[in-house]
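J.: Pasting in a structure now, in structure tokens, and then I'll have a few things to ask.
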Amino acid sequence: MRASRLLAILILLQLRVRLTAEALAEEFEVSVRTIYRDIDSLSAAGIPVYGERGPGGGFQLLDGYRTRLTGLGGDEAQALPVIGLPGAAAAMGLGPAASRASAKLMASLTPALSEEAGRMSARFHVDTLDWYREEEDVAHLPALARAVLEQRRIAMTYESWRATGDWHVAPLGLVLKAGAWYLVAEGGGKIRTFRVSNILAQAVTEARFDRPEGFDLPSHWRDSLARFEQGLRPLTAELRLTPEGMRRLREAGAYAAKAVRGADGDRVTLPVESIDQAALLVLGLGTDAEVIAPPELRARVRDLAGEIARRAG
């Protein structure tokens, strides 16, 4: 543990130029006295580290000194896929490991490349949450991530839109999409998707499992999304839209924006969930939209508009 901390202090000094004992103590959650002992150990090992007192002071390395002792630990290697997503890393219980892995990777670069990488990190930020959405409660996520890595079965209580039930599943992977975490697992004879925030209780068992031969998480997720979206909007509506109607329809979602991009003049073919859902969407566009087909949708829009007019007196 102490050897790992000494290496981490060395790498931080290499990256940040100068750090106070107080800042290092806060970083590693140890006392200032412990940091002073660590600095003494680095000096005794021949590392050219020195300190300056007073405002703006702190510990730093002799100019030009660089270390190549940047090997990754086990948890740091596991954190590599999320080192650019601090929120995701923290949710999975890999926040500190991701920070250490990132620091070691930066330290392994030449000064010019390290500066370039630092500039990119300071000027580009990834926020996985959609607008007007709070981060979900995913307290079970660290345990699920460990079960995925160790290939251990999970017993869980899950609340779906149909009912709440108990499941015993083999966790195959975790997916972060639009700020929500999903567990892809084999259960009940098929591969299923569970929303992590809907898991009410879970326990990682000692029972291990073998991953299905040839299973690829990104490919499975892509294919399952395509099937879900196709099943979600099985019908189509033919609409005639004004330019303003085109603009407003684009704001209804990615599927609507895609339909607008494929418009033939003022006509749009729009995938819809049902006649009722499509009728409400068309009414929301007002006089900027006209239904061409199907006739059932025209009739439903007419009936709803008539009822609205009647209630408005």
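In the structure tokens, chains take letters A, B, ... by order of appearance, with residues numbered from 1 within each chain and ligands from 1 in the order shown.
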As a PyMOL selection string, please: every residue in stretch 8-251 of chain A that a backbone DSSP assignment puts in helix (DSSP H, G or I).
T.: chain A and resi 8-16+21-28+32-44+74-82+86-91+95-107+111-123+141-150+196-198+217-232+243-250
J.: Which residues are near A:Leu225? Cut-off 12 Å, only C-alpha atoms, ignore same chain within fewer than 4 positions. Put them as a PyMOL selection string.
T.: chain A and resi 175+177+192-193+218-221+229-232
J.: Residues as selected, C-alpha atoms, written as a PDB file, in the first residue's frame, can you do that?
T.:
```pdb
ATOM      1  CA  VAL A 175     -24.020  -0.461 -20.372  1.00  0.00           C
ATOM      2  CA  LYS A 177     -26.772   4.936 -22.103  1.00  0.00           C
ATOM      3  CA  ARG A 192     -32.230  -9.856 -21.020  1.00  0.00           C
ATOM      4  CA  THR A 193     -31.710  -6.199 -20.163  1.00  0.00           C
ATOM      5  CA  PRO A 218     -21.374  -3.963 -28.027  1.00  0.00           C
ATOM      6  CA  SER A 219     -22.838  -6.057 -30.866  1.00  0.00           C
ATOM      7  CA  HIS A 220     -25.583  -7.481 -28.647  1.00  0.00           C
ATOM      8  CA  TRP A 221     -26.510  -4.007 -27.367  1.00  0.00           C
ATOM      9  CA  GLU A 229     -36.844   0.758 -31.582  1.00  0.00           C
ATOM     10  CA  GLN A 230     -38.461  -1.179 -34.421  1.00  0.00           C
ATOM     11  CA  GLY A 231     -40.977  -2.752 -32.059  1.00  0.00           C
ATOM     12  CA  LEU A 232     -41.637   0.547 -30.269  1.00  0.00           C
TER      13      LEU A 232
END
```
J.: Give me the residues near A:Ala203 as a ChimeraX atom specification, where near means some atom within 10 Å (using only C-alpha atoms) and where sequence neighbours in that chain fewer than 6 positions away do not count.
T.: /A:140,143-144,147,153-157,168
J.: How would the residues just chosen look if you wrote them out with C-alpha atoms as an mmCIF file, in the first residue's frame?
T.:
```cif
data_model
loop_
_atom_site.group_PDB
_atom_site.id
_atom_site.type_symbol
_atom_site.label_atom_id
_atom_site.label_comp_id
_atom_site.auth_asym_id
_atom_site.auth_seq_id
_atom_site.Cartn_x
_atom_site.Cartn_y
_atom_site.Cartn_z
ATOM 1 C CA HIS A 140 -25.864 -1.638 -6.481
ATOM 2 C CA ALA A 143 -21.269 -4.974 -6.636
ATOM 3 C CA LEU A 144 -22.737 -5.668 -10.079
ATOM 4 C CA ALA A 147 -19.938 -9.808 -10.325
ATOM 5 C CA ARG A 153 -24.285 -15.245 -10.507
ATOM 6 C CA ILE A 154 -26.602 -12.677 -8.944
ATOM 7 C CA ALA A 155 -29.822 -13.112 -6.976
ATOM 8 C CA MET A 156 -31.908 -9.948 -7.226
ATOM 9 C CA THR A 157 -35.346 -8.444 -6.740
ATOM 10 C CA HIS A 168 -31.240 -15.433 -10.608
#
```
J.: Rounded to one decimal, what separation in Å do you get between atom CA of A:Leu281 and atom CA of A:Glu136?
T.: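 Going from atom CA of A:Leu281 over to atom CA of A:Glu136 covers 28.6 Å.
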J.: Neighbouring residues of A:Asp266 were defined as those with any atom within 8 Å, considering only C-alpha atoms; residues of the same chain fewer than 3 positions away were excluded. Please report them as a ChimeraX atom specification.
T.: /A:240-243,263
J.: Interatomic distance between atom CA of A:Arg18 and atom CA of A:Gly51?
T.: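 Straight-line distance from atom CA of A:Arg18 to atom CA of A:Gly51 works out to 8.9 Å.
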J.: I need the residue nearest A:Gly57 from this list: A:Thr20, A:Ser160, A:Gln151, A:Ser43. Use only C-alpha atoms for the distance.
T.: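 Answer, going by the shortest atom-to-atom distance: A:Thr20.
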J.: Pull the closest atom pair for each residue of stretch 193-304 of chain A that gets at most 10 Å from stretch 185-188 of chain A, along with the distance in Å to one decimal, counting only C-alpha atoms, ordering rows by chain and then ascending residue number, as a Markdown table.
T.:
```
| residue | atom | partner | partner_atom | distance |
| --- | --- | --- | --- | --- |
| A:Thr193 | CA | A:Ala185 | CA | 6.4 |
| A:Phe194 | CA | A:Ala185 | CA | 7.7 |
| A:Arg211 | CA | A:Glu186 | CA | 9.2 |
| A:Pro212 | CA | A:Glu186 | CA | 9.0 |
```
J.: Nearest to A:Ala97 among A:Gly46, A:Pro81, A:Pro295, A:Gly284, with distances taken over only C-alpha atoms: which residue is it?
T.: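 Closest to A:Ala97, using only C-alpha atoms: A:Pro81.
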J.: Enumerate as a list in words all residues of stretch 7-116 of chain A assigned to strand (DSSP E) by DSSP on the backbone, naming them with the chain letters and numbers the document uses.
T.: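 Here is the list: Arg18, Leu19, Val49, Tyr50, Gly51, Glu52, Gly58, Phe59, Gln60 and Leu61 of chain A.
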J.: At a cut-off of 8 Å, using only C-alpha atoms, what residues contact A:Ile35? Leave out same-chain residues fewer than 3 positions from it and give the result as an NGL selection string.
T.: :A and (21 or 24-25 or 30-32 or 38-39)
J.: Could those residues be written to a file, using all heavy atoms, as a compact mmCIF listing (two decimals), in the first residue's frame?
T.:
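The new file selection00.txt reads:
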```
# COMPACT_ATOMS: atom_id res chain seq x y z
N ALA A 21 2.26 19.69 1.11
CA ALA A 21 2.04 18.49 1.92
C ALA A 21 0.56 18.34 2.25
O ALA A 21 0.02 17.23 2.28
CB ALA A 21 2.86 18.57 3.20
N LEU A 24 -1.27 16.89 -0.80
CA LEU A 24 -0.98 15.46 -0.95
C LEU A 24 -1.69 14.65 0.13
O LEU A 24 -2.19 13.55 -0.14
CB LEU A 24 0.53 15.24 -0.87
CG LEU A 24 1.33 15.71 -2.09
CD1 LEU A 24 2.82 15.70 -1.80
CD2 LEU A 24 1.02 14.84 -3.31
N ALA A 25 -1.74 15.17 1.35
CA ALA A 25 -2.42 14.46 2.43
C ALA A 25 -3.91 14.31 2.13
O ALA A 25 -4.51 13.25 2.37
CB ALA A 25 -2.22 15.20 3.75
N VAL A 30 -4.35 10.70 4.09
CA VAL A 30 -3.42 10.37 5.17
C VAL A 30 -3.06 11.68 5.88
O VAL A 30 -3.47 12.76 5.46
CB VAL A 30 -2.14 9.67 4.65
CG1 VAL A 30 -2.49 8.33 4.02
CG2 VAL A 30 -1.41 10.57 3.63
N SER A 31 -2.27 11.59 6.94
CA SER A 31 -1.87 12.79 7.67
C SER A 31 -0.72 13.50 6.96
O SER A 31 0.00 12.91 6.15
CB SER A 31 -1.44 12.41 9.09
OG SER A 31 -0.24 11.65 9.05
N VAL A 32 -0.56 14.78 7.30
CA VAL A 32 0.55 15.56 6.75
C VAL A 32 1.88 14.95 7.19
O VAL A 32 2.84 14.91 6.43
CB VAL A 32 0.44 17.04 7.18
CG1 VAL A 32 1.70 17.81 6.78
CG2 VAL A 32 -0.80 17.68 6.57
N ASP A 38 6.87 10.11 3.68
CA ASP A 38 6.93 9.59 2.31
C ASP A 38 7.94 10.37 1.47
O ASP A 38 8.71 9.79 0.69
CB ASP A 38 5.55 9.67 1.64
CG ASP A 38 4.57 8.66 2.22
OD1 ASP A 38 5.02 7.71 2.88
OD2 ASP A 38 3.35 8.82 1.99
N ILE A 39 7.97 11.69 1.64
CA ILE A 39 8.92 12.52 0.90
C ILE A 39 10.35 12.16 1.31
O ILE A 39 11.26 12.06 0.46
CB ILE A 39 8.65 14.02 1.14
CG1 ILE A 39 7.28 14.42 0.55
CG2 ILE A 39 9.75 14.87 0.52
CD1 ILE A 39 7.16 14.27 -0.94
```
J.: Give me the residues within 10 Å of A:Ser197 as a ChimeraX atom specification, counting only C-alpha atoms and dropping any in the same chain fewer than 4 places off.
T.: /A:136-141,158-159,180-183
J.: Write the residues of the selection above to a file with C-alpha atoms, as a PDB file, in the first residue's frame.
T.:
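Saved as selection-v6.pdb:
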```
ATOM      1  CA  GLU A 136     -30.169   7.788 -11.028  1.00  0.00           C
ATOM      2  CA  ASP A 137     -29.592   5.927  -7.775  1.00  0.00           C
ATOM      3  CA  VAL A 138     -27.254   3.067  -8.703  1.00  0.00           C
ATOM      4  CA  ALA A 139     -26.030   1.983  -5.280  1.00  0.00           C
ATOM      5  CA  HIS A 140     -25.864  -1.638  -6.481  1.00  0.00           C
ATOM      6  CA  LEU A 141     -23.554  -0.799  -9.385  1.00  0.00           C
ATOM      7  CA  TYR A 158     -36.300  -6.421  -9.809  1.00  0.00           C
ATOM      8  CA  GLU A 159     -39.169  -3.988 -10.370  1.00  0.00           C
ATOM      9  CA  ALA A 180     -28.879   5.364 -17.238  1.00  0.00           C
ATOM     10  CA  TRP A 181     -27.083   2.111 -16.365  1.00  0.00           C
ATOM     11  CA  TYR A 182     -28.316  -1.229 -17.708  1.00  0.00           C
ATOM     12  CA  LEU A 183     -27.344  -4.769 -16.768  1.00  0.00           C
TER      13      LEU A 183
END
```
J.: Between A:Gly56, A:Asp63, A:Ala254, A:Leu10, which has the minimum distance to A:Pro111 (counting only C-alpha atoms)?
T.: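 For A:Pro111, the nearest of the given residues is A:Asp63.
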